[in-house]
>>> print(open('data_32.txt').read())   # compact mmCIF, C-alpha atoms
# COMPACT_ATOMS: atom_id res chain seq x y z
CA MET A 1 30.50 -33.29 32.52
CA SER A 2 28.70 -30.26 33.86
CA THR A 3 26.20 -28.38 31.70
CA THR A 4 25.72 -24.65 31.63
CA VAL A 5 22.11 -23.61 32.12
CA ILE A 6 21.05 -20.43 30.35
CA PRO A 7 19.13 -18.37 32.92
CA HIS A 8 15.51 -17.46 32.20
CA ASP A 9 15.47 -19.54 29.04
CA LEU A 10 11.95 -20.75 29.84
CA GLU A 11 10.61 -18.91 32.87
CA PRO A 12 10.08 -15.11 32.82
CA HIS A 13 12.85 -12.84 34.02
CA PRO A 14 11.63 -10.91 37.11
CA LEU A 15 12.76 -7.59 35.67
CA THR A 16 11.45 -7.83 32.10
CA GLY A 17 8.48 -10.12 32.79
CA MET A 18 9.38 -12.37 29.86
CA TYR A 19 11.92 -15.06 29.04
CA ASN A 20 15.22 -13.75 27.70
CA GLY A 21 14.74 -14.96 24.13
CA LYS A 22 11.50 -13.01 23.80
CA PHE A 23 13.09 -9.89 25.27
CA GLY A 24 15.93 -10.28 22.79
CA ILE A 25 13.60 -10.51 19.81
CA TRP A 26 11.75 -7.37 20.97
CA LEU A 27 15.04 -5.47 21.13
CA PHE A 28 15.85 -6.72 17.63
CA LEU A 29 12.44 -5.55 16.42
CA ALA A 30 13.09 -2.12 17.94
CA SER A 31 16.22 -1.88 15.78
CA GLU A 32 14.16 -3.01 12.78
CA ILE A 33 11.67 -0.19 13.42
CA MET A 34 14.56 2.27 13.14
CA LEU A 35 15.78 0.63 9.91
CA PHE A 36 12.40 0.89 8.21
CA GLY A 37 11.86 4.29 9.88
CA ALA A 38 14.92 5.62 8.04
CA LEU A 39 13.46 4.38 4.75
CA PHE A 40 10.03 5.89 5.46
CA SER A 41 11.80 9.16 6.30
CA THR A 42 13.63 8.97 2.97
CA TYR A 43 10.28 8.42 1.25
CA VAL A 44 8.82 11.54 2.90
CA LEU A 45 11.91 13.59 1.98
CA LEU A 46 11.89 12.49 -1.67
CA ARG A 47 8.15 12.85 -2.07
CA VAL A 48 7.91 16.32 -0.48
CA GLY A 49 10.95 17.53 -2.43
CA ALA A 50 9.91 16.08 -5.80
CA PRO A 51 9.39 18.72 -8.54
CA PRO A 52 5.80 18.95 -9.84
CA GLY A 53 4.95 16.04 -12.13
CA GLN A 54 7.96 13.96 -11.05
CA TRP A 55 6.05 11.92 -8.46
CA PRO A 56 2.91 10.00 -9.52
CA ALA A 57 -0.29 11.56 -8.13
CA HIS A 58 -1.39 8.05 -7.16
CA GLY A 59 0.66 4.87 -6.87
CA SER A 60 -1.95 2.99 -8.91
CA GLU A 61 -0.82 4.98 -12.00
CA ILE A 62 2.25 2.74 -12.07
CA LEU A 63 1.66 -0.14 -9.65
CA ASN A 64 -0.87 -2.97 -9.64
CA VAL A 65 -3.25 -2.33 -6.71
CA PRO A 66 -5.35 -5.56 -7.07
CA LEU A 67 -2.19 -7.70 -6.88
CA ALA A 68 -0.93 -5.74 -3.87
CA THR A 69 -4.33 -6.10 -2.16
CA LEU A 70 -4.15 -9.85 -2.76
CA ASN A 71 -0.66 -9.88 -1.25
CA THR A 72 -1.90 -7.94 1.78
CA ALA A 73 -4.62 -10.56 2.34
CA VAL A 74 -2.03 -13.36 1.91
CA LEU A 75 0.33 -11.79 4.45
CA ILE A 76 -2.45 -11.14 6.97
CA SER A 77 -3.51 -14.79 6.55
CA SER A 78 0.07 -15.92 7.17
CA SER A 79 0.14 -13.86 10.37
CA VAL A 80 -2.99 -15.55 11.70
CA THR A 81 -1.71 -19.03 10.76
CA MET A 82 1.56 -18.24 12.57
CA VAL A 83 -0.23 -17.30 15.78
CA MET A 84 -2.50 -20.37 15.40
CA SER A 85 0.64 -22.52 15.31
CA TRP A 86 1.74 -21.05 18.64
CA ALA A 87 -1.77 -21.50 20.10
CA ALA A 88 -1.79 -25.16 19.01
CA LEU A 89 1.55 -25.72 20.76
CA LYS A 90 0.13 -24.12 23.91
CA MET A 91 -2.66 -26.75 23.69
CA LYS A 92 0.02 -29.47 23.24
CA LYS A 93 -1.11 -30.21 19.68
CA PHE A 94 2.25 -30.52 17.92
CA GLY A 95 0.90 -32.01 14.66
CA SER A 96 -1.66 -29.25 14.27
CA ALA A 97 0.98 -26.60 15.02
CA GLN A 98 3.25 -27.96 12.27
CA VAL A 99 0.35 -27.83 9.79
CA TRP A 100 -0.28 -24.15 10.65
CA LEU A 101 3.46 -23.49 10.33
CA THR A 102 3.51 -25.13 6.89
CA ILE A 103 0.54 -23.00 5.77
CA THR A 104 2.44 -19.90 6.97
CA PHE A 105 5.43 -20.97 4.89
CA LEU A 106 3.21 -21.50 1.83
CA CYS A 107 1.56 -18.08 2.30
CA ALA A 108 5.02 -16.49 2.45
CA GLY A 109 5.94 -18.30 -0.77
CA ALA A 110 2.71 -17.11 -2.41
CA PHE A 111 3.54 -13.53 -1.39
CA LEU A 112 6.95 -13.78 -3.05
CA VAL A 113 5.50 -15.35 -6.22
CA VAL A 114 3.04 -12.45 -6.56
CA LYS A 115 5.90 -10.00 -5.92
CA TYR A 116 7.96 -11.77 -8.62
CA PHE A 117 5.19 -11.18 -11.16
CA GLU A 118 4.90 -7.54 -10.07
CA TYR A 119 8.66 -6.96 -10.39
CA THR A 120 8.91 -8.81 -13.73
CA ASP A 121 6.11 -6.69 -15.17
CA LYS A 122 7.93 -3.50 -14.13
CA PHE A 123 11.21 -4.60 -15.72
CA HIS A 124 9.47 -5.37 -19.04
CA HIS A 125 7.40 -2.20 -19.14
CA TYR A 126 9.09 0.83 -20.72
CA GLN A 127 8.69 4.57 -20.99
CA VAL A 128 10.12 6.63 -23.84
CA TRP A 129 10.49 10.39 -23.39
CA LEU A 130 10.53 12.30 -26.69
CA ASN A 131 12.41 15.45 -27.71
CA ASP A 132 9.34 16.76 -29.56
CA PRO A 133 5.66 15.74 -29.60
CA MET A 134 4.75 12.98 -32.08
CA PRO A 135 1.37 11.50 -33.07
CA VAL A 136 0.48 8.19 -31.38
CA GLY A 137 -3.04 6.75 -31.55
CA GLY A 138 -4.45 10.05 -32.86
CA HIS A 139 -2.89 12.16 -30.06
CA GLU A 140 0.25 14.28 -29.90
CA VAL A 141 2.35 12.87 -27.08
CA THR A 142 5.72 13.68 -25.50
CA THR A 143 6.08 10.34 -23.75
CA ILE A 144 5.07 6.77 -24.65
CA LYS A 145 4.55 3.99 -22.13
CA GLY A 146 4.35 0.39 -23.30
CA HIS A 147 6.16 -2.85 -24.08
CA LEU A 148 9.01 -3.16 -26.56
CA THR A 149 8.31 -5.65 -29.34
CA ALA A 150 10.59 -8.61 -30.10
CA ASP A 151 11.84 -6.73 -33.22
CA SER A 152 13.05 -3.81 -31.13
CA PRO A 153 16.84 -3.73 -30.62
CA LYS A 154 18.17 -4.85 -27.25
CA LEU A 155 18.87 -1.93 -24.93
CA GLU A 156 22.30 -1.47 -23.40
CA CYS A 157 23.22 0.33 -20.22
CA SER A 158 25.78 3.08 -19.85
CA GLU A 159 28.66 1.89 -17.68
CA LYS A 160 29.02 5.40 -16.23
CA THR A 161 25.45 6.26 -15.25
CA GLY A 162 23.63 2.92 -15.38
CA ALA A 163 20.95 4.52 -17.57
CA PHE A 164 19.92 2.96 -20.88
CA ASN A 165 21.84 4.27 -23.93
CA ILE A 166 19.63 5.79 -26.63
CA PRO A 167 19.27 3.03 -29.27
CA GLU A 168 19.11 3.53 -33.07
CA TYR A 169 15.35 3.03 -32.83
CA VAL A 170 12.73 1.25 -30.73
CA ILE A 171 9.45 -0.42 -31.61
CA ILE A 172 7.00 -0.06 -28.76
CA THR A 173 3.40 -1.20 -28.29
CA PRO A 174 1.77 1.67 -26.36
CA ASP A 175 -0.40 0.93 -23.35
CA GLY A 176 -4.14 1.10 -23.84
CA ASP A 177 -6.44 3.04 -21.56
CA HIS A 178 -5.64 2.84 -17.82
CA GLY A 179 -2.25 1.31 -18.53
CA SER A 180 -3.55 -1.96 -20.02
CA SER A 181 -1.01 -3.46 -22.40
CA GLY A 182 -1.19 -4.41 -26.05
CA HIS A 183 -4.15 -2.24 -27.02
CA GLY A 184 -2.28 0.17 -29.26
CA GLU A 185 -0.58 -0.44 -32.58
CA ALA A 186 3.22 -0.84 -32.42
CA VAL A 187 5.07 2.43 -33.07
CA ARG A 188 8.62 2.82 -34.40
CA VAL A 189 10.50 5.68 -32.76
CA GLU A 190 13.85 6.78 -34.20
CA GLY A 191 16.72 7.30 -31.77
CA SER A 192 17.10 10.94 -32.83
CA LYS A 193 13.61 11.62 -31.43
CA ILE A 194 14.28 9.96 -28.08
CA LYS A 195 15.32 12.10 -25.12
CA ARG A 196 15.40 9.24 -22.61
CA ILE A 197 14.27 5.62 -22.37
CA SER A 198 13.85 3.47 -19.27
CA ASN A 199 11.99 0.47 -18.01
CA PHE A 200 9.93 0.85 -14.82
CA GLY A 201 12.82 -0.41 -12.72
CA PRO A 202 14.57 1.55 -9.94
CA ARG A 203 16.38 3.75 -12.49
CA HIS A 204 13.05 5.10 -13.81
CA SER A 205 12.36 7.66 -11.08
CA PRO A 206 12.89 8.44 -7.37
CA TYR A 207 9.40 6.99 -6.75
CA LEU A 208 10.28 3.60 -8.24
CA ALA A 209 13.75 3.64 -6.64
CA THR A 210 11.98 4.08 -3.28
CA TYR A 211 9.42 1.40 -4.16
CA PHE A 212 12.06 -1.20 -5.07
CA THR A 213 14.25 -0.37 -2.06
CA MET A 214 11.43 -0.62 0.47
CA THR A 215 9.61 -3.61 -1.01
CA GLY A 216 12.96 -5.29 -1.77
CA LEU A 217 14.11 -4.99 1.85
CA HIS A 218 10.70 -6.18 3.02
CA GLY A 219 10.96 -9.12 0.60
CA LEU A 220 14.36 -10.03 2.08
CA HIS A 221 12.73 -10.07 5.51
CA ILE A 222 10.11 -12.47 4.13
CA VAL A 223 12.88 -14.74 2.83
CA GLY A 224 14.63 -14.59 6.22
CA GLY A 225 11.41 -15.53 7.99
CA MET A 226 10.84 -18.40 5.55
CA VAL A 227 14.30 -19.82 6.33
CA VAL A 228 13.52 -19.82 10.07
CA ILE A 229 10.04 -21.30 9.55
CA LEU A 230 11.48 -24.00 7.27
CA TYR A 231 14.07 -24.83 9.94
CA PHE A 232 11.32 -25.38 12.52
CA MET A 233 9.26 -27.36 10.02
CA LEU A 234 12.21 -29.72 9.57
CA VAL A 235 13.70 -30.02 13.08
CA GLY A 236 10.71 -28.92 15.18
CA GLY A 237 9.85 -32.50 16.10
CA ALA A 238 13.26 -33.10 17.72
CA ILE A 239 13.12 -29.87 19.75
CA TRP A 240 9.51 -30.59 20.81
CA LYS A 241 10.53 -34.05 22.07
CA ARG A 242 13.40 -32.56 24.11
CA SER A 243 11.49 -29.61 25.54
CA PRO A 244 7.94 -28.74 24.41
CA GLU A 245 8.04 -25.43 26.27
CA LYS A 246 11.29 -24.35 24.63
CA TYR A 247 9.89 -25.14 21.19
CA THR A 248 6.69 -23.20 21.98
CA ASN A 249 8.80 -20.21 23.00
CA ARG A 250 10.86 -20.39 19.81
CA ILE A 251 7.73 -20.42 17.70
CA GLU A 252 6.44 -17.42 19.68
CA CYS A 253 9.67 -15.53 18.93
CA THR A 254 9.48 -16.47 15.24
CA GLY A 255 5.87 -15.30 15.29
CA LEU A 256 6.84 -11.92 16.77
CA TYR A 257 9.27 -11.39 13.88
CA TRP A 258 6.72 -12.59 11.36
CA HIS A 259 3.98 -10.27 12.67
CA PHE A 260 6.44 -7.38 12.48
CA VAL A 261 7.05 -8.18 8.79
CA ASP A 262 3.25 -8.15 8.32
CA LEU A 263 3.01 -4.86 10.22
CA VAL A 264 5.60 -3.20 7.96
CA TRP A 265 3.63 -4.29 4.89
CA ILE A 266 0.42 -2.85 6.40
CA PHE A 267 2.11 0.58 6.18
CA LEU A 268 4.01 -0.02 2.92
CA PHE A 269 0.81 -0.94 1.07
CA PRO A 270 -1.06 2.39 1.39
CA VAL A 271 2.11 4.51 1.30
CA LEU A 272 3.43 3.07 -1.97
CA TYR A 273 0.30 1.86 -3.77
CA LEU A 274 -2.58 4.07 -2.64
CA LEU A 275 -1.13 7.55 -2.07
CA MET B 1 -1.85 -13.12 33.22
CA SER B 2 1.37 -14.02 31.42
CA HIS B 3 1.46 -16.46 28.52
CA HIS B 4 3.72 -18.64 30.64
CA GLU B 5 0.77 -19.82 32.72
CA MET B 6 -2.07 -20.08 30.19
CA SER B 7 -4.61 -22.89 30.43
CA VAL B 8 -6.09 -24.67 27.39
CA GLU B 9 -9.36 -22.76 27.93
CA ASP B 10 -7.46 -19.45 27.92
CA VAL B 11 -5.78 -20.41 24.64
CA LYS B 12 -9.15 -21.30 23.10
CA LYS B 13 -10.41 -17.83 24.03
CA HIS B 14 -7.32 -16.34 22.40
CA VAL B 15 -7.97 -18.33 19.21
CA ARG B 16 -11.45 -16.79 18.94
CA THR B 17 -9.85 -13.35 19.32
CA TYR B 18 -7.28 -14.13 16.61
CA ILE B 19 -10.02 -15.08 14.16
CA ALA B 20 -11.97 -11.88 14.96
CA VAL B 21 -8.80 -9.80 14.46
CA PHE B 22 -8.10 -11.61 11.18
CA VAL B 23 -11.57 -10.75 9.85
CA ALA B 24 -11.18 -7.14 11.06
CA LEU B 25 -7.82 -6.84 9.27
CA LEU B 26 -9.34 -8.08 6.00
CA VAL B 27 -12.26 -5.64 6.37
CA PHE B 28 -9.87 -2.75 7.08
CA THR B 29 -7.79 -3.71 4.02
CA GLY B 30 -10.97 -3.43 1.93
CA ILE B 31 -11.74 -0.08 3.58
CA THR B 32 -8.21 1.20 2.81
CA VAL B 33 -8.56 0.37 -0.89
CA GLY B 34 -12.19 1.62 -1.05
CA VAL B 35 -11.37 4.93 0.62
CA SER B 36 -8.39 5.39 -1.70
CA MET B 37 -10.58 4.88 -4.79
CA LEU B 38 -13.23 7.20 -3.35
CA GLY B 39 -10.57 9.85 -2.71
CA GLN B 40 -9.36 9.58 -6.30
CA ASN B 41 -12.89 10.00 -7.67
CA GLN B 42 -13.73 12.85 -5.30
CA GLY B 43 -10.41 14.61 -5.89
CA TRP B 44 -9.33 14.67 -2.25
CA THR B 45 -6.13 16.55 -1.43
CA VAL B 46 -2.95 14.55 -0.78
CA THR B 47 -3.06 15.60 2.90
CA THR B 48 -6.60 14.22 3.37
CA ALA B 49 -5.71 10.98 1.57
CA VAL B 50 -2.51 10.56 3.62
CA LEU B 51 -4.27 11.20 6.94
CA ILE B 52 -7.10 8.74 6.22
CA ALA B 53 -4.80 6.02 4.81
CA LEU B 54 -2.39 6.27 7.74
CA PHE B 55 -5.25 6.33 10.26
CA VAL B 56 -6.65 3.04 8.89
CA ALA B 57 -3.14 1.55 8.63
CA SER B 58 -2.50 2.55 12.27
CA ILE B 59 -5.67 0.73 13.40
CA LYS B 60 -4.56 -2.37 11.48
CA GLY B 61 -1.02 -2.12 12.87
CA SER B 62 -2.36 -1.74 16.42
CA LEU B 63 -4.51 -4.85 16.02
CA VAL B 64 -1.51 -6.88 14.86
CA ALA B 65 0.76 -5.54 17.61
CA CYS B 66 -1.81 -5.81 20.42
CA TYR B 67 -3.30 -9.23 19.66
CA PHE B 68 -0.99 -11.22 17.36
CA MET B 69 2.15 -9.92 19.10
CA HIS B 70 0.40 -10.02 22.51
CA LEU B 71 1.49 -6.48 23.33
CA ILE B 72 -1.79 -5.95 25.16
CA SER B 73 -0.73 -8.40 27.90
CA GLU B 74 2.97 -7.55 28.16
CA LYS B 75 4.78 -5.99 31.11
CA SER B 76 5.44 -2.27 31.43
CA MET B 77 9.20 -2.45 30.84
CA LEU B 78 8.66 -3.41 27.22
CA PHE B 79 6.37 -0.42 26.74
CA GLY B 80 9.16 1.85 27.98
CA ILE B 81 11.54 0.45 25.37
CA LEU B 82 8.94 0.67 22.61
CA ALA B 83 8.01 4.23 23.61
CA LEU B 84 11.67 5.22 23.29
CA CYS B 85 11.76 3.50 19.91
CA ALA B 86 8.55 5.28 18.82
CA PHE B 87 10.06 8.64 19.88
CA PHE B 88 13.17 8.13 17.75
CA PHE B 89 11.02 6.82 14.89
CA LEU B 90 9.10 10.11 14.96
CA VAL B 91 12.38 12.04 15.05
CA LEU B 92 13.45 10.14 11.92
CA LEU B 93 10.18 11.00 10.20
CA LEU B 94 10.47 14.65 11.16
CA ILE B 95 14.05 15.04 9.90
CA PRO B 96 12.77 16.03 6.41
CA VAL B 97 11.10 19.06 8.06
CA ILE B 98 14.60 20.50 8.55
CA THR B 99 14.98 20.68 4.77
CA VAL B 100 11.78 22.71 4.55
CA SER B 101 12.79 25.12 7.32
CA ASP B 102 16.31 25.53 5.93
CA ASN B 103 16.31 29.00 4.38
CA VAL B 104 20.02 29.25 3.61
CA GLY B 105 20.41 30.79 0.16
CA VAL B 106 16.72 31.67 -0.15
CA HIS B 107 16.92 35.24 1.19
>>> encode(input="data_32.txt", output="structure tokens")
Amino acid sequence: MSTTVIPHDLEPHPLTGMYNGKFGIWLFLASEIMLFGALFSTYVLLRVGAPPGQWPAHGSEILNVPLATLNTAVLISSSVTMVMSWAALKMKKFGSAQVWLTITFLCAGAFLVVKYFEYTDKFHHYQVWLNDPMPVGGHEVTTIKGHLTADSPKLECSEKTGAFNIPEYVIITPDGDHGSSGHGEAVRVEGSKIKRISNFGPRHSPYLATYFTMTGLHGLHIVGGMVVILYFMLVGGAIWKRSPEKYTNRIECTGLYWHFVDLVWIFLFPVLYLL
Amino acid sequence: MSHHEMSVEDVKKHVRTYIAVFVALLVFTGITVGVSMLGQNQGWTVTTAVLIALFVASIKGSLVACYFMHLISEKSMLFGILALCAFFFLVLLLIPVITVSDNVGVH
């Protein structure tokens, strides 16, 4: 039985200067740049067009910068462990390469765990907009940010708009200074006084809708990368035995994708959290 | 020299570079956060904050692309493709300008 040989699977193509798989992944990454470019463009459009006061002056007013900084360090670390895996394969150290690959996988998992805590916090943190000012903690306020107590009635969403219906009342523990939770005394707010209520999910504002869309898509890319890395963690040995060079090339291609995911985060971090 | 024909010594040199880039990326991350906090305290304008943040992010991005993604040692054809991609990326980013220059209904 004859076998079909894929041309330039291992050796560089004379025209592109690289093997075909690598060229393919670069073309894929170019399309990814356009995908994220469209989202960054949307961000610029929404931010520039936002009415005064509708966009936070600084992302840290809403988001957790220390956690995001930690995640940046984790993702950068995963990028270096990924390239170390490739370097180990180039030195014919398969065992060492698999260890670096496993560390990359764990870093990716750690990134998602931190993101889970960030997201969960946003979905359990609420803002209540009031029709008229009311006294809270010795100040007259028109909006209260905080966490709903267990006694507060469960909120329901409107089927038409997706927004929360105004409940009969809510009991909310206002944030302390600088957004810290649980510092204030719980306040009961009657439904007749509430103009709007929302958690800090995508429905809260264009800013958070943008935040969840961009970080959500980035998170999906992390998951995709983890699936590929896991595949090579499990079957890498068999491919390495058949063709060490082919396996090295595959890890290089996976690395290119992974570094791109890191690169996107490098721009997402300041744009969403620090500006 | 392409990565196809790297010796063990060459790879070892690369590893040292990767570690240096890793440290630089962590330092630049610290600088990004520090400058942001400084800007908040000093009351910098949004334009200043955006320019500084994107400048530092661009340095970090270049380090990742050049060294981790080996762009620094790639062949020219790839640069042509990426330049085309960068051009259209800029077009995408500049599309919102149209909304600013659109005066229909204003006058």
>>> interface_residues(input="data_32.txt", of="chain A", to="chain B", cutoff="6 Å", atoms="all atoms listed in the file", output="number ranges by chain")
A: 16-17, 37, 41, 45, 91, 256, 263, 267
>>> residues_around(input="data_32.txt", residues="Gly138 of chain A", least_positions_apart="4", cutoff="12 Å", atoms="only C-alpha atoms", output="mmCIF file with C-alpha atoms, in the frame of the given file")
data_model
loop_
_atom_site.group_PDB
_atom_site.id
_atom_site.type_symbol
_atom_site.label_atom_id
_atom_site.label_comp_id
_atom_site.auth_asym_id
_atom_site.auth_seq_id
_atom_site.Cartn_x
_atom_site.Cartn_y
_atom_site.Cartn_z
ATOM 1 C CA MET A 134 4.750 12.980 -32.080
ATOM 2 C CA GLY A 184 -2.280 0.170 -29.260
ATOM 3 C CA GLU A 185 -0.580 -0.440 -32.580
#
>>> atom_distance(input="data_32.txt", atom1="atom CA of Met82 of chain A", atom2="atom CA of Thr254 of chain A")
8.5 Å
>>> atom_distance(input="data_32.txt", atom1="atom CA of Leu208 of chain A", atom2="atom CA of Leu67 of chain A")
16.9 Å
>>> atom_distance(input="data_32.txt", atom1="atom CA of Asn199 of chain A", atom2="atom CA of His125 of chain A")
5.4 Å
>>> residues_around(input="data_32.txt", residues="segment 72-76 of chain A", least_positions_apart="4", cutoff="8 Å", atoms="all atoms listed in the file", output="PyMOL selection string")
(chain A and resi 68+80+107-108+110-111+262+265-266+269) or (chain B and resi 22+25-26+29)
>>> residues_around(input="data_32.txt", residues="Lys92 of chain A", least_positions_apart="3", cutoff="12 Å", atoms="only C-alpha atoms", output="PyMOL selection string")
(chain A and resi 85-89+95-98+240-241+243-245+247-248) or (chain B and resi 6-8+11)
>>> residues_around(input="data_32.txt", residues="Ile25 of chain A", least_positions_apart="5", cutoff="10 Å", atoms="all atoms listed in the file", output="compact mmCIF listing (two decimals) with C-alpha atoms, in the coordinates of the input")
# COMPACT_ATOMS: atom_id res chain seq x y z
CA ASN A 20 15.22 -13.75 27.70
CA ALA A 30 13.09 -2.12 17.94
CA SER A 31 16.22 -1.88 15.78
CA GLU A 252 6.44 -17.42 19.68
CA CYS A 253 9.67 -15.53 18.93
CA THR A 254 9.48 -16.47 15.24
CA LEU A 256 6.84 -11.92 16.77
CA TYR A 257 9.27 -11.39 13.88
>>> residues_around(input="data_32.txt", residues="Ile6 of chain A", least_positions_apart="6", cutoff="12 Å", atoms="all atoms listed in the file", output="list of chain:residue names")
A:His13, A:Tyr19, A:Asn20, A:Gly21, A:Lys246
>>> decode(input="data_32.txt", residues="segment 53-70 of chain B", atoms="N, CA, C and O atoms", output="compact mmCIF listing (two decimals), in the first residue's frame")
# COMPACT_ATOMS: atom_id res chain seq x y z
N ALA B 53 0.11 53.62 28.67
CA ALA B 53 -0.26 52.21 28.88
C ALA B 53 -0.04 51.40 27.59
O ALA B 53 0.49 50.29 27.63
N LEU B 54 -0.45 51.98 26.46
CA LEU B 54 -0.31 51.24 25.20
C LEU B 54 1.15 51.16 24.76
O LEU B 54 1.55 50.18 24.12
N PHE B 55 1.95 52.17 25.11
CA PHE B 55 3.38 52.13 24.79
C PHE B 55 4.05 50.97 25.53
O PHE B 55 4.77 50.16 24.92
N VAL B 56 3.77 50.87 26.83
CA VAL B 56 4.37 49.77 27.62
C VAL B 56 3.85 48.41 27.13
O VAL B 56 4.62 47.45 26.98
N ALA B 57 2.53 48.35 26.84
CA ALA B 57 1.95 47.09 26.36
C ALA B 57 2.57 46.70 25.02
O ALA B 57 2.80 45.51 24.75
N SER B 58 2.86 47.71 24.18
CA SER B 58 3.48 47.42 22.87
C SER B 58 4.89 46.84 23.04
O SER B 58 5.28 45.92 22.30
N ILE B 59 5.64 47.38 24.02
CA ILE B 59 6.98 46.83 24.28
C ILE B 59 6.85 45.37 24.71
O ILE B 59 7.56 44.48 24.21
N LYS B 60 5.91 45.12 25.63
CA LYS B 60 5.72 43.74 26.11
C LYS B 60 5.30 42.82 24.96
O LYS B 60 5.81 41.70 24.81
N GLY B 61 4.36 43.30 24.16
CA GLY B 61 3.88 42.51 23.02
C GLY B 61 5.00 42.20 22.04
O GLY B 61 5.10 41.09 21.52
N SER B 62 5.86 43.22 21.80
CA SER B 62 6.98 43.02 20.87
C SER B 62 7.95 41.97 21.40
O SER B 62 8.47 41.15 20.64
N LEU B 63 8.18 42.00 22.71
CA LEU B 63 9.09 41.00 23.31
C LEU B 63 8.55 39.59 23.10
O LEU B 63 9.29 38.67 22.73
N VAL B 64 7.23 39.44 23.36
CA VAL B 64 6.62 38.11 23.19
C VAL B 64 6.70 37.68 21.73
O VAL B 64 7.12 36.55 21.42
N ALA B 65 6.32 38.58 20.83
CA ALA B 65 6.30 38.23 19.40
C ALA B 65 7.72 37.95 18.87
O ALA B 65 7.94 36.97 18.17
N CYS B 66 8.66 38.81 19.24
CA CYS B 66 10.03 38.67 18.69
C CYS B 66 10.75 37.44 19.24
O CYS B 66 11.41 36.72 18.48
N TYR B 67 10.67 37.22 20.54
CA TYR B 67 11.49 36.16 21.15
C TYR B 67 10.73 34.86 21.39
O TYR B 67 11.21 33.79 21.01
N PHE B 68 9.55 34.93 22.03
CA PHE B 68 8.83 33.68 22.28
C PHE B 68 8.26 33.10 20.97
O PHE B 68 8.23 31.89 20.78
N MET B 69 7.81 34.01 20.08
CA MET B 69 7.24 33.52 18.81
C MET B 69 8.29 33.50 17.70
O MET B 69 7.96 33.22 16.55
N HIS B 70 9.53 33.84 18.05
CA HIS B 70 10.68 33.76 17.14
C HIS B 70 10.53 34.62 15.90
O HIS B 70 11.11 34.31 14.86
